[in-house]
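Participant: There's a structure below that I have some questions on.
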Amino acid sequence: TRRKILCLLGNETSLRFGNVRHHINYIFEEGFDLNDFPPTLPTHLSPADLESFRKRYPGIVFLCHPALKLKPHTHKRAKVVEELMASGLVDGVEIFNGSMLSNGVPSILTRRGVEMLLGARSRGAHLAALGCSDAHRQDLVGSAVTAFRGKSPANIFTAIREAETYPVLVSQKARER
């Protein structure tokens, strides 16, 4: 069976939290016509900037590749990522990222991201698990996706807010069908 891919309007930027910059994606919940397009987020946001933007333009925020810059000796950075996950500023965490996987990034980073998400959930954070193609190349579109059980595309936002999503890797062969 063919599945549909829902593409959403969003903006990737950096959020300064705990004196560390974290990549986040902001996905707009409403559609916009070309005459009323939302502004691009600044390249560096503070938590206050993010909250202000969110009030004006409803949407979801998710933390991108949470373990990408972590190394065994960066316990302090890992602690900051955990604090960000617990802060309420993000609705979800990117677990699979097509660009990371296609560029040979070790799977231990994906596993570490899952561990961080599960740890945050065990401490009460209500976060969705997401898959994103991070399509910097056309052949990566649909390589990692977020699946949800909703009947319509609009249900994705509810599913994310209820943490009822799961990330899926899609093989090149499956994407070509």
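For the structure tokens, the naming scheme is as follows: chains receive sequential letters (A, B, ...) according to their order of presentation, residues are indexed from 1 within each chain, and ligands are indexed from 1 in presentation order.
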Show which residues sit within 10 Å of Met85 (chain A), as a count of residues only. Count only C-alpha atoms, and ignore same-chain residues fewer than 6 positions away.

Facilitator: 15

Participant: For Arg16 (chain A), which of A:Val141, A:Phe157, A:Val80, A:Ile95 is the closest residue, counting only C-alpha atoms?

Facilitator: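 That would be A:Val80, the residue with the smallest distance to Arg16 (chain A).
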
Participant: So that I can check the surroundings of Val145 (chain A), please list as an MDAnalysis selection string every protein, DNA and RNA residue that reaches within 9 Å of it, counting only C-alpha atoms and ignoring chain neighbours fewer than 4 positions away.

Facilitator: chainID A and resid 5 96:98 130:133 166:170

Participant: Go ahead and save the residues from that selection, with N, CA and C atoms, as a PDB file, in the first residue's frame.

Facilitator:
```pdb
ATOM      1  N   ILE A   5       2.633  11.157   2.311  1.00  0.00           N
ATOM      2  CA  ILE A   5       3.572  11.906   3.138  1.00  0.00           C
ATOM      3  C   ILE A   5       3.009  13.305   3.300  1.00  0.00           C
ATOM      4  N   PHE A  96      14.942   9.805  14.634  1.00  0.00           N
ATOM      5  CA  PHE A  96      15.568   9.452  13.365  1.00  0.00           C
ATOM      6  C   PHE A  96      15.655  10.688  12.500  1.00  0.00           C
ATOM      7  N   ASN A  97      16.763  10.817  11.812  1.00  0.00           N
ATOM      8  CA  ASN A  97      17.021  11.937  10.934  1.00  0.00           C
ATOM      9  C   ASN A  97      17.692  11.367   9.696  1.00  0.00           C
ATOM     10  N   GLY A  98      17.048  11.494   8.548  1.00  0.00           N
ATOM     11  CA  GLY A  98      17.562  10.903   7.325  1.00  0.00           C
ATOM     12  C   GLY A  98      18.947  11.379   6.938  1.00  0.00           C
ATOM     13  N   LEU A 130       9.898  11.585  17.223  1.00  0.00           N
ATOM     14  CA  LEU A 130       9.677  11.997  15.833  1.00  0.00           C
ATOM     15  C   LEU A 130      10.759  11.488  14.901  1.00  0.00           C
ATOM     16  N   GLY A 131      10.379  11.269  13.666  1.00  0.00           N
ATOM     17  CA  GLY A 131      11.317  10.961  12.595  1.00  0.00           C
ATOM     18  C   GLY A 131      11.199  12.056  11.550  1.00  0.00           C
ATOM     19  N   CYS A 132      12.327  12.553  11.064  1.00  0.00           N
ATOM     20  CA  CYS A 132      12.332  13.653  10.097  1.00  0.00           C
ATOM     21  C   CYS A 132      13.340  13.343   9.004  1.00  0.00           C
ATOM     22  N   SER A 133      12.982  13.658   7.768  1.00  0.00           N
ATOM     23  CA  SER A 133      13.921  13.368   6.688  1.00  0.00           C
ATOM     24  C   SER A 133      15.096  14.322   6.703  1.00  0.00           C
ATOM     25  N   TYR A 166       5.407   7.791  16.448  1.00  0.00           N
ATOM     26  CA  TYR A 166       6.609   6.985  16.478  1.00  0.00           C
ATOM     27  C   TYR A 166       7.407   7.225  15.199  1.00  0.00           C
ATOM     28  N   PRO A 167       8.735   7.242  15.362  1.00  0.00           N
ATOM     29  CA  PRO A 167       9.602   7.493  14.208  1.00  0.00           C
ATOM     30  C   PRO A 167       9.804   6.215  13.403  1.00  0.00           C
ATOM     31  N   VAL A 168       9.897   6.383  12.091  1.00  0.00           N
ATOM     32  CA  VAL A 168      10.058   5.245  11.192  1.00  0.00           C
ATOM     33  C   VAL A 168      11.142   5.574  10.172  1.00  0.00           C
ATOM     34  N   LEU A 169      12.042   4.628   9.952  1.00  0.00           N
ATOM     35  CA  LEU A 169      13.014   4.750   8.864  1.00  0.00           C
ATOM     36  C   LEU A 169      12.411   4.097   7.629  1.00  0.00           C
ATOM     37  N   VAL A 170      12.576   4.731   6.487  1.00  0.00           N
ATOM     38  CA  VAL A 170      12.020   4.228   5.244  1.00  0.00           C
ATOM     39  C   VAL A 170      13.176   3.983   4.281  1.00  0.00           C
TER      40      VAL A 170
END
```

Participant: Please indicate the distance in Å from CA of Ala128 (chain A) to CA of Cys64 (chain A), rounded to one decimal place.

Facilitator: 12.1 Å

Participant: Excluding Phe53 (chain A) and any residue of its chain fewer than 5 positions from it, enumerate the residues within 9 Å of it, using only C-alpha atoms, and give them as a list in words.

Facilitator: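 The residues satisfying every condition are Leu41, Ala48 and Pro58 of chain A.
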
Participant: Output N, CA and C atoms of each residue in that selection to a file, as a JSON list (two decimals), in the first residue's frame.

Facilitator:
```json
[["chain", "number", "residue", "atom", "x", "y", "z"],
["A", 41, "LEU", "N", 12.01, 32.65, 11.72],
["A", 41, "LEU", "CA", 12.54, 32.80, 13.07],
["A", 41, "LEU", "C", 13.98, 33.29, 13.01],
["A", 48, "ALA", "N", 12.50, 32.97, 25.95],
["A", 48, "ALA", "CA", 11.46, 34.01, 25.92],
["A", 48, "ALA", "C", 11.05, 34.35, 24.49],
["A", 58, "PRO", "N", 0.77, 29.75, 16.36],
["A", 58, "PRO", "CA", 0.66, 28.43, 17.01],
["A", 58, "PRO", "C", 1.43, 27.36, 16.24]]
```

Participant: Determine the nearest neighbour of Ser122 (chain A) from the options A:Glu164, A:Asn11, A:Ala86, A:Pro42, counting only C-alpha atoms.

Facilitator: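 Residue with the minimum atom-to-atom distance to Ser122 (chain A): A:Ala86.
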